[in-house]
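Reviewing the structure listed below.
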There are 2 protein chains.
Amino acid sequence: MSVQEATQEHEVRWVYSFGAGQADGSAELKNLLGGKGANLAEMSLLGLPVPPGFTITTEVCTAFYDNDRQYPDGLKDQVSAALKRIGEQVGHGLGDEKDPLLVSVRSGARASMPGMMDTVLNLGLNDSTVKGLAALSNDERFAYDSYRRFIQMYSDVVLEVDHESFEEILETFKENQGYDRDTDLTANDWKVIIESYKEVVENAIGRPFPQNVDEQLWGAISAVFNSWRNQRAETYRRLHNIPESWGTAVNVQAMVFGNMGETSATGVAFTRDPSTGAKQFYGEYLINAQGEDVVAGIRTPQALTKQARIDGGSDRPSMEETMPGVFGQLVDVYKKLEAHYRDMQDIEFTVQQGKLWMLQTRSGKRTAKAALKIAVDMVNEGLISKEEALKRLDPAALDQLLHPSLDPSADREVIARGLPASPGAASGEVVFSADEAETLAKDGKNVILVRNETSPEDIHGMHAAQAILTARGGMTSHAAVVARGMGRPCVSGAGSVRIDYKEGKFSCGGVVVKAGEIITIDGTSGEVIMGEVPTLKPELSGDFSNVMMWADEVRQMKVRTNAETPADVQVAKDFGAEGIGLCRTEHMFFDANRIIAVREMILSDTLKGRKAALDKLLPFQREDFKEIFRIMGDLPVTIRLLDPPLHEFLPHTDEEIAEIAKASGLDAKSLRRRTAQLTEVNPMLGHRGCRLGITYPEIYEMQVRAILEAAADVGKETGVTPLPEIMIPLVSVKEELQMLRERVTAVAGQVEGETGKPIEYLVGTMIELPRAALQAGEIAHHAEFFSFGTNDLTQTTYGISRDDSAPFISDYMEKKVVEQDPFVSLDQDGVGELVQIGVQRGRKTRAQLKLGICGEHGGDPESIAFCQKLGLDYVSCSPYRVPIARLAAAQAALG
Amino acid sequence: MSVQEATQEHEVRWVYSFGAGQADGSAELKNLLGGKGANLAEMSLLGLPVPPGFTITTEVCTAFYDNDRQYPDGLKDQVSAALKRIGEQVGHGLGDEKDPLLVSVRSGARASMPGMMDTVLNLGLNDSTVKGLAALSNDERFAYDSYRRFIQMYSDVVLEVDHESFEEILETFKENQGYDRDTDLTANDWKVIIESYKEVVENAIGRPFPQNVDEQLWGAISAVFNSWRNQRAETYRRLHNIPESWGTAVNVQAMVFGNMGETSATGVAFTRDPSTGAKQFYGEYLINAQGEDVVAGIRTPQALTKQARIDGGSDRPSMEETMPGVFGQLVDVYKKLEAHYRDMQDIEFTVQQGKLWMLQTRSGKRTAKAALKIAVDMVNEGLISKEEALKRLDPAALDQLLHPSLDPSADREVIARGLPASPGAASGEVVFSADEAETLAKDGKNVILVRNETSPEDIHGMHAAQAILTARGGMTSHAAVVARGMGRPCVSGAGSVRIDYKEGKFSCGGVVVKAGEIITIDGTSGEVIMGEVPTLKPELSGDFSNVMMWADEVRQMKVRTNAETPADVQVAKDFGAEGIGLCRTEHMFFDANRIIAVREMILSDTLKGRKAALDKLLPFQREDFKEIFRIMGDLPVTIRLLDPPLHEFLPHTDEEIAEIAKASGLDAKSLRRRTAQLTEVNPMLGHRGCRLGITYPEIYEMQVRAILEAAADVGKETGVTPLPEIMIPLVSVKEELQMLRERVTAVAGQVEGETGKPIEYLVGTMIELPRAALQAGEIAHHAEFFSFGTNDLTQTTYGISRDDSAPFISDYMEKKVVEQDPFVSLDQDGVGELVQIGVQRGRKTRAQLKLGICGEHGGDPESIAFCQKLGLDYVSCSPYRVPIARLAAAQAALG
């Protein structure tokens with residue numbers, strides 16, 4: 001081997017050619033060639049009619065940015081060679097005055113980012129080649145129209161000349177000539193326009209519009225690479241979790257023209273209906289048009305198939321009718337593509353003077369409903385396996401199917417926008433307090449609870465309401481978290497909403513809405529709408545239940561739910577929950593029947609006083625648990641003993657204080673003092689969780705007794721033995737658990753003595769503090785199960801309060817300090833390492849330790865995949881996320 | 001070997017004998033024999049006159065409690081054998097009617113726990129042996145007096161008969177007989193009393209007082225073992241950090257009698273003066289008395305030496321004068337003991353009819369001052385090495401020497417008690433607000449700031465005050481932490497103090513104190529005293545500076561200080577600080593001159609408005625740093641950029657709001673809204689630390705500019721180059737540090753450009769969140785130093801707010817859930833593991849990473865030892881703890 005050959009051997013390949021049934025790359029090389037480039041190569045290899053071209057790899061993009069926007073060595077030569085190859089295939093070259101080659105220059109990233117980056121078409125035209133094009137196409141008007149389009153696009157994208165100047169020239173010209181439409185302009189008109197355009201460019205950039213086609217080409221390539229970091233693209237990437245490091249490829253491809261007269265056309269199509277998933281060819285086309293015209297919406301496109309035309313009630317002929325021959329070729333192509341890719345394809349094509357050219361194919365975007373149907377149909381058609389079907393579905397998208405949605409055909413008057421905090425839609429009368437919500441709901445009214453923000457005291461009102469709207473708070477605010485848990489639609493942080501509680505009204509923009517007026521909340525979009533909007537009900541049978549069944553066959557982790565009200569527990573069970581992973585007992589304390597006794601207990605100075613109040617609560621708690629056990633049968637029910645600081649239950653208004661004073665026999669002044677005494681600077685880190693159990697053992701003893709008595713009663717009543725798992729929250733040192741477990745055992749001994757029967761139960765703990773994770777080996781000596789409470793673990797590991805993070809977390813995401821809100825998707829590096837340490841050390845002490853997760857992350861697909869990797873036994877999530885978790889757990893098991 | 005021999009060979013030894021110049025054990029076996037037993041064995045081996053006896057080991061105590069208070073096999077036989085050995089040595093046996101052996105039964109734990117456990121004397125007396133004792137001693141009165149003492153003590157300790165019944169009988173008898181003192185009773189009187197005593201016992205326990213001496217012995221032994229877990233002992237162990245698992249030994253020893261007439265005596269002595277450390281024999285004795293009489297204080301003991309008698313102005317003869325021969329023996333013994341143990345000894349002795357018996361020796365407790373003097377003297381005497389002297393000193397005790405203390409001879413009217421939150425004592429006028437404190441202090445008045453609790457807004461008043469008193473808050477409340485940092489005496493959590501701010505007064509118990517009245521605060525004892533009490537100044541030269549010099553010779557870690565005011569910085573430097581480890585810039589913001597500009601900055605909606613306010617602050621900040629750099633010269637100064645959430649600086653009163661409205665041109669309403677907007681649920685986990693730097697980069701830029709300009713100015717002015725270390729707080733993800741470090745570098749570039757000179761500085765971060773510790777490897781890429789902020793790291797690792805922990809941490813310590821407050825001494829298992837992870841991962845990335853600690857733990861000796869183990873470069877603590885840290889670091893280096 002000569003030295004020269006060796007050098008070439010080791011030179012990096014920056015450019016991959018395709019076309020004429022051949023290609024350097026293939027669909028396999030998507031990371032290197034981007035989606036568009038890889039699929040163009042693949043279509044070439046399939047023998048489909050693809051205009052020849054080449055792809056500059058994403059590695060060039062990376063090198064470009066790593067090297068201060070300089071191109072790597074060797075790139076220019078490789079581009080020249082590839083360009084020459086296109087010329088050889090189409091029989092003419094770039095800049096050839098007689099027989100000019102025109103090319104398009106387009107971006108193409110690994111993931112589709114539609115419209116986010118720049119494109120240049122008709123490149124290669126200048127004052128000379130336009131004449132060649134006119135001669136060649138025998139259409140002078142077409143040639144000059146193309147040239148003016150090119151100048152306009154190139155100037156906007158590459159030279160950064162304001163596009164409005166061009167539009168103004170054209171409009172003025174049309175006005176002066178009395179023209180209505182662009183098609184009224186003749187070839188000579190376009191020549192005049194072109195001269196004006198060129199003047200604008202020269203004035204703006206201080207030199208003439210580039211006539212050198214090589215300069216044009218490199219200008220366009222650089223513009224595409226530069227557009228990878230424009231603001232639009234950066235925002236899109238952040239929203240869709242696309243890493244900046246991926247980079248984009250650039251595709252340079254011979255132009256074909258759908259606007260060369262009546263035998264030319266352009267169109268887009270889906271191999272199945274992307275909205276319903278129905279197995280029918282679906283698309284639109286325009287005769288004598290360029291691709292951009294279909295998208296731009298200036299002319300209304302026509303249906304592809306005769307059936308679609310008839311269904312749509314249109315009299316404008318379908319492609320099947322106007323170009324039956326080419327249509328037949330297109331049908332062959334789409335079938336070949338779908339069979340080859342084994343997925344629904346989104347394709348673009350152009351017909352140039354009767355010849356079909358394929359410009360793009362890619363997996364088509366689809367609604368959640370369509371995704372489900374296509375996956376199930378393709379399994380039935382034998383096209384893909386069940387496993388593949390499961391892997392392809394986006395679990396998060398299922399959420400759309402589980403909630404009512406607004407009828408898309410209905411009118412809507414959007415009066416405010418906030419965060420889409422909890423999906424689904426509902427209408428009802430506006431109310432401003434939780435109590436009012438409850439009262440009206442009892443009268444059978446649908447109500448929407450509107451608050452600045454919500455607190456645990458509002459739970460009953462949130463439950464009574466159809467939906468919740470808050471003026472403040474983020475995606476993980478109290479309102480958002482609780483609403484998602486309950487399956488209530490919620491829009492949070494609607495900043496323009498100003499509430500006047502006194503007057504019983506809120507205003508947003510210019511609109512004033514009074515209590516009792518009807519509004520509609522769309523928690524899926526974040527919209528607040530005046531009046532009632534009809535909704536569509538979710539369909540959970542058919543395809544949905546098929547997919548769930550397949551998911552259950554392959555997944556290894558169990559899926560439980562976080563729920564405590566009988567209604568939520570039932571919903572979760574219907575959604576397939578295999579147990580309760582977190583039953584929060586404190587929510588049960590806010591009920592009007594009980595809150596007075598709860599407060600009496602807290603405000604009492606003596607053990608005796610506290611016990612008297614707890615005795616009143618015991619029967620209520622027992623009933624709570626009985627209802628839950630009846631629903632869950634022999635499935636495990638993890639019950640967390642009282643967790644929040646006691647001051648959360650205390651009264652604030654004078655009225656409430658007077659009420660408790662009366663009930664407890666204490667005076668209002670000392671009540672107020674006790675309230676002040678219990679107030680905390682940082683309640684999240686205060687006297688809560690098992691710390692309450694240590695200070696006031698009688699509270700936990702009452703709860704344990706209620707749980708075990710309920711289990712005994714229900715067991716007797718139904719003949720099915722409930723399996724309560726008693727969970728001690730917020731443990732940081734093993735002694736806490738050891739001590740409280742002894743008390744649980746003692747109470748169990750008493751109850752067993754009273755009922756005369758052994759009671760089945762487990763005792764375990766939340767691992768929700770960094771110290772608990774580190775000390776898991778010690779703690780596991782006293783725990784039969786661990787449940788990772790990743791909400792609090794995230795708060796303490798990061799030192800970030802979920803309630804206070806909204807103002808800076810959004811800032812952090814914008815400035816790319818963090819990629820994702822750690823309260824939404826588990827931070828695998830930090831919090832995840834602690835979970836992993838907890839798992840390893842816990843299992844080392846006790847191999848049979850049951851392990852689960854019960855933070856919000858238990859319903860997040862990425863976090864679920866991480867849990868599978870760690871070997872957890874189950875994930876637990878809010879009822880409406882159970883199906884999502886089932887699918888995500890299946891995907892995690894498939895790896 | 002026979003089977004029997006093999007068994008004995010492998011039998012556990014539960015009992016160790018001593019006496020007559022021999023012993024089974026020695027001082028080495030302190031853990032097994034307890035302090036008393038080990039030293040009795042050691043004295044026997046030294047040939048000193050020790051009454052024979054034996055020790056039942058601490059392992060028996062452990063076995064006793066592990067086995068449901070049952071004794072291990074073999075113990076009874078071993079005790080019998082040991083008892084027989086005593087009999088052989090003294091020539092009579094337990095229960096022998098003619099020649100009865102009497103024994104004492106005493107506890108003896110590994111660490112001294114004076115008076116906490118039970119003791120029985122004169123055991124072996126009953127109705128028969130008392131006659132033998134009378135004959136043998138030729139003193140019937142002595143024998144029956146001993147018997148009644150035994151019945152009383154045994155009944156109280158072993159039989160749990162209320163001791164008041166016995167006292168009542170004795171008092172009534174004396175009254176009836178017209179006796180004044182116990183010595184008036186004759187032998188026959190005691191016989192009558194004894195009969196009454198026995199009746200009381202029989203009535204109480206339902207059987208006669210035990211006459212069987214074996215039963216007596218085992219009753220007493222069990223009583224001692226049981227007393228290991230009495231409440232007194234448990235409280236003492238908690239206060240002194242003595243593990244329950246250590247257990248106590250039991251010492252059974254032949255009785256000797258100091259009350260056998262005028263040639264008998266008993267006494268206690270210290271080989272040096274335990275109060276001053278002076279090298280002179282120091283002690284007291286009583287003729288014709290038992291040891292208990294010296295301690296009980298019924299008779300006033302006499303001096304041992306003639307010189308002490310003369311110095312004390314007493315005419316009651318010293319032992320040197322009354323018993324010159326025995327005194328001479330005692331002097332020989334004490335010299336032998338001190339030389340042998342090479343430490344000041346606390347000894348107990350009895351003279352029985354002219355013969356000296358040694359009952360105990362142990363290292364004597366001493367004041368901090370005496371400890372220092374004795375250590376230095378012993379080094380000078382060649383008795384111990386410098387290293388030994390350093391190891392022996394208790395660093396925490398040094399604190400006593402560094403602050404003014406109340407003249408112990410002065411009268412004091414204590415009106416309230418709280419926690420001894422910050423040591424030292426001071427008097428002054430009562431004031432109730434920080435502003436008033438500052439105003440009066442400027443007029444040259446000494447003031448005491450009295451508040452319910454303090455907040456960062458009170459800092460200037462705390463600084464102006466001589467001392468601080470708070471009604472609420474624990475040892476780690478804001479007031480306590482800040483006061484310790486400033487070296488101001490502080491009593492916190494004085495629960496009986498009720499403040500009426502409006503009326504300008506506080507009450508406690510019945511006393512009312514008005515503003516302007518003088519009180520005295522003793523932060524060492526926690527006392528609040530009416531009026532002024534004279535104080536004694538600390539002496540820091542001589543022995544103190546000697547010891548510090550030795551400490552500096554051996555220690556490996558540097559000692560820095562946490563300080564920001566020039567006064568504190570100067571104090572710390574004088575105490576030997578080798579740099580500043582934490583200069584908190586926010587304290588500088590509360591100054592009256594600046595707080596308005598600070599608030600303007602916070603309340604401004606625009607970057608421009610914020611920058612204008614920051615421009616006003618810049619010159620103030622620059623001056624702050626210049627003063628600090630001038631004092632510290634070329635020593636490193638770590639400056640933490642703004643850390644607390646902005647709302648801490650905001651106004652609360654209408655007056656203040658009006659003031660800022662005027663200064664900023666904003667209306668009061670929008671000011672109030674902004675304040676409400678910034679309020680946080682959990683400020684500790686809120687928008688603070690580097691999160692502020694990310695959101696408002698201009699704040700950090702101003703601070704960095706002030707630091708670097710100050711460094712440049714002072715370098716030019718003094719010719720000594722300051723070494724600022726710029727510290728970014730609260731980092732949890734590496735991007736935060738990376739981004740902010742870039743900004744620091746950019747500002748440095750600007751300042752260097754302006755001054756025309758390079759500026760020396762480092763950039764680093766606090767590691768104070770669990771995630772930062774876990775991610776230390778990544779973070780170290782962007783940090784030249786780490787400072788472990790163990791205050792916040794403890795808060796987040798445990799999930800405990802320091803401000804809110806007081807109500808349950810005390811509960812936790814009482815219930816033994818935790819052994820120590822983790823905010824006082826570093827939790828090595830949990831928080832410590834994170835620090836260790838941080839050290840290892842940080843150094844792996846950057847071997848030269850500078851590592852320090854700047855939490856409160858930096859001044860805690862145990863935590864300092866842990867830092868040495870981890871290989872930190874320095875510890876940083878509040879100014880007044882610098883000497884303590886120097887000594888502790890030396891001890892840590894000595895291992």
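For the structure tokens, the naming scheme is as follows: chains receive sequential letters (A, B, ...) according to their order of presentation, residues are indexed from 1 within each chain, and ligands are indexed from 1 in presentation order.
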Would you write out, as JSON lines, a table of all residues in stretch 344-370 of chain A that have an atom no more than 12 Å from an atom of stretch 374-388 of chain A, listing for each the closest atom pair and the distance in Å to one decimal, considering only C-alpha atoms and ordering rows by chain and rising residue number?
{"residue": "A:Met344", "atom": "CA", "partner": "A:Ile374", "partner_atom": "CA", "distance": 7.7}
{"residue": "A:Gln345", "atom": "CA", "partner": "A:Ile374", "partner_atom": "CA", "distance": 11.4}
{"residue": "A:Gly364", "atom": "CA", "partner": "A:Ile374", "partner_atom": "CA", "distance": 11.2}
{"residue": "A:Lys365", "atom": "CA", "partner": "A:Ile374", "partner_atom": "CA", "distance": 11.6}
{"residue": "A:Arg366", "atom": "CA", "partner": "A:Ile374", "partner_atom": "CA", "distance": 9.4}
{"residue": "A:Thr367", "atom": "CA", "partner": "A:Ile374", "partner_atom": "CA", "distance": 10.4}
{"residue": "A:Ala368", "atom": "CA", "partner": "A:Ile374", "partner_atom": "CA", "distance": 9.9}
{"residue": "A:Lys369", "atom": "CA", "partner": "A:Ile374", "partner_atom": "CA", "distance": 8.7}
{"residue": "A:Ala370", "atom": "CA", "partner": "A:Ile374", "partner_atom": "CA", "distance": 5.9}
Export, as a PDB file, in the first residue's frame, the selected residues with N, CA and C atoms.
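Saved the output as selection04.pdb:
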ATOM      1  N   MET A 344     -45.696   2.869  10.301  1.00  0.00           N
ATOM      2  CA  MET A 344     -46.408   3.850   9.507  1.00  0.00           C
ATOM      3  C   MET A 344     -45.419   4.934   9.080  1.00  0.00           C
ATOM      4  N   GLN A 345     -45.414   5.246   7.758  1.00  0.00           N
ATOM      5  CA  GLN A 345     -44.459   6.206   7.225  1.00  0.00           C
ATOM      6  C   GLN A 345     -45.127   7.519   6.847  1.00  0.00           C
ATOM      7  N   GLY A 364     -44.052   8.202  10.869  1.00  0.00           N
ATOM      8  CA  GLY A 364     -44.999   9.309  10.967  1.00  0.00           C
ATOM      9  C   GLY A 364     -45.418   9.581  12.390  1.00  0.00           C
ATOM     10  N   LYS A 365     -45.548  10.856  12.707  1.00  0.00           N
ATOM     11  CA  LYS A 365     -46.107  11.215  14.018  1.00  0.00           C
ATOM     12  C   LYS A 365     -47.578  10.858  13.997  1.00  0.00           C
ATOM     13  N   ARG A 366     -48.103  10.520  15.189  1.00  0.00           N
ATOM     14  CA  ARG A 366     -49.496  10.085  15.250  1.00  0.00           C
ATOM     15  C   ARG A 366     -50.056  10.402  16.619  1.00  0.00           C
ATOM     16  N   THR A 367     -51.344  10.431  16.736  1.00  0.00           N
ATOM     17  CA  THR A 367     -51.977  10.632  18.045  1.00  0.00           C
ATOM     18  C   THR A 367     -51.776   9.362  18.873  1.00  0.00           C
ATOM     19  N   ALA A 368     -52.001   9.507  20.172  1.00  0.00           N
ATOM     20  CA  ALA A 368     -51.864   8.351  21.054  1.00  0.00           C
ATOM     21  C   ALA A 368     -52.825   7.254  20.625  1.00  0.00           C
ATOM     22  N   LYS A 369     -54.024   7.668  20.233  1.00  0.00           N
ATOM     23  CA  LYS A 369     -55.036   6.707  19.824  1.00  0.00           C
ATOM     24  C   LYS A 369     -54.582   5.949  18.570  1.00  0.00           C
ATOM     25  N   ALA A 370     -54.042   6.705  17.609  1.00  0.00           N
ATOM     26  CA  ALA A 370     -53.558   6.078  16.382  1.00  0.00           C
ATOM     27  C   ALA A 370     -52.374   5.160  16.679  1.00  0.00           C
TER      28      ALA A 370
END
Fill in: Residue set, stretch 21-198 of chain A restricted to alpha helix (DSSP H), as a PyMOL selection string
chain A and resi 30-45+58-66+75-90+129-137+140-157+163-177+187-198
Item to complete: Just need the residues of chain A within 7 Å of chain B, counting only C-alpha atoms, so spit them out as a VMD selection string.
Response: chain A and resid 680 to 687 695 732 735 to 736 769 to 771 774 to 775 796 to 801 803 to 805 808 811 817 830
Worksheet entry | Point-to-point distance from atom CA of A:Ser80 to atom CA of A:Gln22, Å rounded to tenths |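 Computing the Euclidean distance for atom CA of A:Ser80 and atom CA of A:Gln22 yields 18.6 Å.
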Worksheet item: Tell me, which residues of stretch 435-592 of chain A carry DSSP strand (DSSP E), written as a PyMOL selection string?
Response: chain A and resi 447-451+467-470+490-492+498-500+505-508+511-514+518-522+527-530+535-536+558-562+580-584
Discussion item. Neighbouring residues of stretch 352-363 of chain B were defined as those with any atom within 10 Å, considering only C-alpha atoms; residues of the same chain fewer than 4 positions away were excluded. Please report them as a PyMOL selection string.
Written reply: chain B and resi 35-40+42-44+48-51+112+253+255-271+288-289+291+323+325-327+329-330+333-334+337-338+341-348
Practice prompt. Please provide as a PyMOL selection string all residues within 10 Å of A:Ser525, with the sequence filter that same-chain residues fewer than 3 positions apart are discarded (counting only C-alpha atoms).
Written response: chain A and resi 405-406+417-425+490-491+521-522+528
If you keep C-alpha atoms, can you produce a file of those selected residues as a PDB file, in the first residue's frame?
ATOM      1  CA  SER A 405     -60.700  15.659  26.311  1.00  0.00           C
ATOM      2  CA  LEU A 406     -62.280  18.729  24.765  1.00  0.00           C
ATOM      3  CA  ARG A 417     -53.365  30.115  30.009  1.00  0.00           C
ATOM      4  CA  GLY A 418     -51.325  28.352  32.675  1.00  0.00           C
ATOM      5  CA  LEU A 419     -49.320  25.164  33.028  1.00  0.00           C
ATOM      6  CA  PRO A 420     -50.918  21.868  31.902  1.00  0.00           C
ATOM      7  CA  ALA A 421     -50.590  20.552  35.448  1.00  0.00           C
ATOM      8  CA  SER A 422     -52.973  17.599  35.371  1.00  0.00           C
ATOM      9  CA  PRO A 423     -54.503  16.279  32.147  1.00  0.00           C
ATOM     10  CA  GLY A 424     -58.138  16.055  31.238  1.00  0.00           C
ATOM     11  CA  ALA A 425     -60.892  18.621  30.774  1.00  0.00           C
ATOM     12  CA  CYS A 490     -55.679  21.155  36.755  1.00  0.00           C
ATOM     13  CA  VAL A 491     -54.210  24.317  35.282  1.00  0.00           C
ATOM     14  CA  ILE A 521     -60.418  23.859  32.337  1.00  0.00           C
ATOM     15  CA  ASP A 522     -58.238  21.964  29.869  1.00  0.00           C
ATOM     16  CA  VAL A 528     -58.887  28.274  30.778  1.00  0.00           C
TER      17      VAL A 528
END
Practice prompt. Determine, counting only C-alpha atoms, which protein, DNA and RNA residues have an atom within 8 Å of an atom of stretch 150-156 of chain A; residues of the same chain fewer than 6 positions away are not included. Present the result as a VMD selection string.
Written response: chain A and resid 120 to 123 125 162 to 163 166 194 197 to 198 201 209 220
Worksheet item: So how far away is atom CA of B:Ala109 from atom CA of B:Lys30, in Å?
Response: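 About the pair atom CA of B:Lys30 and atom CA of B:Ala109: they are 8.5 Å apart.
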Worksheet item: Just how far from atom CA of B:Val158 is atom CA of B:Ala223, in Å to one decimal?
Response: 5.4 Å
Item to complete: Would you list the contacts of A:Ala706 as a ChimeraX atom specification, taking every protein, DNA or RNA residue within 10 Å and counting only C-alpha atoms, but skipping same-chain residues closer than 4 positions in sequence?
Response: /A:617-626,700-702,710-712,751
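Among the candidates B:Ala893, B:Met475, B:Ala613, B:Ile728, the residue lying nearest to B:Thr765 is B:Ile728 (atoms considered: only C-alpha atoms).
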Practice prompt. Might you pull out every residue within 8 Å of B:Ser876, with only C-alpha atoms counted and same-chain residues fewer than 6 positions away left off, and present them as a ChimeraX atom specification?
Written response: /B:559-562,580-582,852-855,858-859,882
